[in-house]
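These notes are about the structure you will find just below.
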Amino acid sequence: MIEEQLNRRNQKLIECMIGAGTLKTSKVIEAFMKIPRHRFVTEEYRDSAYDDVALPTLKGSTISQPSTVAMMTEALEPQEGDTILEIGAGSGWQACVLASCIGETGKIIAIEIDESVTDFAKSNVSRFKFKNIEIVCGDGSVGYEAEAPFDKIIYTAAVPSVPEVVFKQLKIGGKIVAPIGDFFEQTLTIIHKVSEKKTREKYLGLFAFVPLRGKFGFQ
Ligand code: SAH
């Protein structure tokens, strides 16, 4: 499929997600238009980039389903100037969508545990002119102390629970969006950090994400 056809499919999918109420905010809609998903999938899946399904990329990593990325981005409510940690950089698509929403005064730190997947994310992201994204290789299950505190944290891999060490890296008033549950099924959860001890939670439904590895992951 040629670039033009892929862009047209992207436009169609965006319209569907707006119609369904999954995409709502103009900033997020604009990000979906500017950061086409077909640039973040492997060659063999290019023509499927606008099917609303997760697609395999490298080494058990996946690129999340478009409607899930839309839902999580809207739930995170990225604002101009936010500093956001993404745990599970994968293809780098979610990082670029967020970077587009927060503008040049904000910063996205996306951490990825697998070295070759980190290189994949870096090379995908480098084709866009973002100065506000840093992709790092490491175990994101412990967060990323070096750049803490964050306004927001997004997990794009399933996590059994959010450990204290990560919760501490979130500013008071900040929020975490994470699929929390067991290996097979998770509840997409929004955690508002009301105070150092108090949280308020909202639930967005059941999902099946790639499991988080590392110290506070599943393996
Ligand atoms: N957000 C990605 C999709 C991520 S899939 C995108 O936009 O394409 C989940 C990713 O989390 C996988 O690439 C997996 O390798 C990574 N991962 C798993 N455990 C991790 C950990 N402890 N720290 C960082 N990344 C991890």
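Labels for the structure tokens follow display order: chains A, B, ..., residues from 1 in each chain, ligands from 1.
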For stretch 93-116 of chain A versus stretch 141-149 of chain A, which residues have an atom no more than 10 Å away, and what is each residue's nearest atom pair and distance in Å rounded to one decimal, using only C-alpha atoms, chain-then-number order, as JSON lines?
{"residue": "A:Lys107", "atom": "CA", "partner": "A:Glu147", "partner_atom": "CA", "distance": 10.0}
{"residue": "A:Ile109", "atom": "CA", "partner": "A:Glu147", "partner_atom": "CA", "distance": 8.1}
{"residue": "A:Ala110", "atom": "CA", "partner": "A:Tyr144", "partner_atom": "CA", "distance": 9.3}
{"residue": "A:Ile111", "atom": "CA", "partner": "A:Tyr144", "partner_atom": "CA", "distance": 7.9}
{"residue": "A:Glu112", "atom": "CA", "partner": "A:Ser141", "partner_atom": "CA", "distance": 9.9}
{"residue": "A:Ile113", "atom": "CA", "partner": "A:Ser141", "partner_atom": "CA", "distance": 9.1}
Selection from above, C-alpha atoms, as a PDB file, in the first residue's frame, can you write it?
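Once everything was written out, this is again05.pdb:
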ATOM      1  CA  LYS A 107       9.420  15.923  28.289  1.00  0.00           C
ATOM      2  CA  ILE A 109      11.062   9.641  29.104  1.00  0.00           C
ATOM      3  CA  ALA A 110      10.260   6.231  27.654  1.00  0.00           C
ATOM      4  CA  ILE A 111      12.012   3.251  29.186  1.00  0.00           C
ATOM      5  CA  GLU A 112      12.358  -0.128  27.473  1.00  0.00           C
ATOM      6  CA  ILE A 113      13.912  -3.259  28.978  1.00  0.00           C
TER       7      ILE A 113
END
Subject >> Near-ligand residues for ligand 1, threshold 6 Å, only C-alpha atoms and all ligand atoms, as number ranges by chain >> reply: A: 61-64, 87-94, 111-114, 138-141, 156-157, 210, 212-214
Residues from last step as file, N, CA, C and O atoms, as a compact mmCIF listing (two decimals), in the first residue's frame:
# COMPACT_ATOMS: atom_id res chain seq x y z
N SER A 61 7.54 -8.06 21.77
CA SER A 61 6.98 -6.72 21.98
C SER A 61 5.84 -6.52 20.98
O SER A 61 5.80 -7.18 19.93
N THR A 62 4.91 -5.64 21.32
CA THR A 62 3.82 -5.34 20.39
C THR A 62 3.66 -3.83 20.32
O THR A 62 4.14 -3.11 21.17
N ILE A 63 2.96 -3.40 19.29
CA ILE A 63 2.51 -2.01 19.25
C ILE A 63 1.04 -2.10 19.63
O ILE A 63 0.29 -2.90 19.08
N SER A 64 0.63 -1.31 20.62
CA SER A 64 -0.73 -1.42 21.15
C SER A 64 -1.77 -1.09 20.11
O SER A 64 -1.50 -0.42 19.11
N ILE A 87 6.50 3.55 30.72
CA ILE A 87 7.18 2.29 31.03
C ILE A 87 6.79 1.27 29.96
O ILE A 87 5.63 0.86 29.88
N GLY A 88 7.75 0.93 29.10
CA GLY A 88 7.51 0.03 27.95
C GLY A 88 7.45 0.81 26.66
O GLY A 88 6.40 1.02 26.07
N ALA A 89 8.61 1.27 26.19
CA ALA A 89 8.66 2.16 25.01
C ALA A 89 8.22 1.44 23.74
O ALA A 89 7.64 2.06 22.85
N GLY A 90 8.49 0.14 23.64
CA GLY A 90 8.07 -0.64 22.47
C GLY A 90 8.50 0.00 21.15
O GLY A 90 9.69 0.20 20.91
N SER A 91 7.54 0.34 20.32
CA SER A 91 7.84 0.92 19.01
C SER A 91 8.16 2.41 19.09
O SER A 91 8.65 3.00 18.12
N GLY A 92 7.80 3.05 20.21
CA GLY A 92 8.00 4.50 20.34
C GLY A 92 6.78 5.32 19.91
O GLY A 92 6.78 6.54 20.01
N TRP A 93 5.72 4.62 19.46
CA TRP A 93 4.55 5.35 18.95
C TRP A 93 3.84 6.14 20.05
O TRP A 93 3.58 7.34 19.92
N GLN A 94 3.55 5.46 21.17
CA GLN A 94 2.87 6.14 22.28
C GLN A 94 3.70 7.34 22.76
O GLN A 94 3.14 8.39 23.07
N ILE A 111 11.02 4.26 28.81
CA ILE A 111 12.01 3.25 29.19
C ILE A 111 11.60 1.89 28.63
O ILE A 111 10.44 1.53 28.65
N GLU A 112 12.60 1.18 28.11
CA GLU A 112 12.36 -0.13 27.47
C GLU A 112 13.42 -1.11 27.97
O GLU A 112 14.60 -0.78 27.98
N ILE A 113 12.98 -2.29 28.36
CA ILE A 113 13.91 -3.26 28.98
C ILE A 113 14.76 -4.00 27.95
O ILE A 113 15.89 -4.39 28.23
N ASP A 114 14.23 -4.19 26.75
CA ASP A 114 14.94 -4.98 25.74
C ASP A 114 15.81 -4.06 24.87
O ASP A 114 15.33 -3.06 24.36
N GLY A 138 16.39 0.04 30.08
CA GLY A 138 16.54 -0.33 31.49
C GLY A 138 15.28 -0.97 32.01
O GLY A 138 14.30 -1.13 31.29
N ASP A 139 15.32 -1.34 33.29
CA ASP A 139 14.16 -1.96 33.94
C ASP A 139 13.22 -0.87 34.47
O ASP A 139 13.45 -0.32 35.54
N GLY A 140 12.17 -0.60 33.73
CA GLY A 140 11.21 0.43 34.12
C GLY A 140 10.28 0.01 35.24
O GLY A 140 9.50 0.83 35.72
N SER A 141 10.37 -1.24 35.68
CA SER A 141 9.48 -1.67 36.78
C SER A 141 9.83 -0.93 38.07
O SER A 141 9.02 -0.86 38.98
N THR A 156 2.71 0.74 29.66
CA THR A 156 2.12 0.12 28.47
C THR A 156 2.39 -1.39 28.47
O THR A 156 2.28 -2.05 27.46
N ALA A 157 2.74 -1.90 29.65
CA ALA A 157 2.85 -3.34 29.86
C ALA A 157 2.07 -3.65 31.14
O ALA A 157 1.97 -2.80 32.03
N VAL A 210 1.00 -7.02 27.12
CA VAL A 210 2.26 -7.76 27.24
C VAL A 210 2.71 -7.62 28.71
O VAL A 210 2.61 -6.54 29.27
N LEU A 212 4.78 -7.03 32.08
CA LEU A 212 5.98 -6.30 32.50
C LEU A 212 6.98 -7.31 33.04
O LEU A 212 6.62 -8.23 33.77
N ARG A 213 8.24 -7.12 32.69
CA ARG A 213 9.31 -7.97 33.25
C ARG A 213 10.04 -7.16 34.33
O ARG A 213 9.59 -6.09 34.69
N GLY A 214 11.17 -7.65 34.77
CA GLY A 214 11.99 -6.90 35.71
C GLY A 214 11.60 -7.12 37.16
O GLY A 214 10.75 -7.95 37.48
**OP:** Write out as a list in words the residues lying within 8 Å of stretch 187-198 of chain A, counting only C-alpha atoms and excluding same-chain residues fewer than 2 positions away.
**Re:** Ala75, Leu76, Lys168, Leu170, Lys171, Ile172, Gly173, Gly174, Lys175, Ile176, Val177, Ala178, Pro179, Ile180, Gly181, Glu185, Arg200, Glu201, Lys202, Tyr203, Leu204, Gly205, Leu206 and Phe207 of chain A
Subject >> DSSP alpha helix (DSSP H) residues within stretch 17-203 of chain A, listed as a VMD selection string >> reply: chain A and resid 17 to 20 26 to 34 66 to 76 93 to 102 115 to 126 164 to 167
**OP:** Going by DSSP on the backbone, which bits of stretch 19-115 of chain A are strand (DSSP E)? Write them as a list in words, please.
**Re:**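 Selecting the strand (DSSP E) positions of stretch 19-115 of chain A gives Leu55, Pro56, Thr62, Ile63, Thr83, Ile84, Leu85, Glu86, Ile87, Lys107, Ile108, Ile109, Ala110, Ile111 and Glu112 of chain A.
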Subject >> Shell around A:Ser48 at 10 Å using only C-alpha atoms, local window under 2 positions removed, as an MDAnalysis selection string >> reply: chainID A and resid 1 6 9 37:38 41 44:46 50:55
Subject >> Polymer residues at most 9 Å from A:Gln79, only C-alpha atoms, same-chain spacing of 5 or more positions, as a list in words >> reply: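 The contact residues come out as Cys101, Ile102, Gly103 and Gly106 of chain A.
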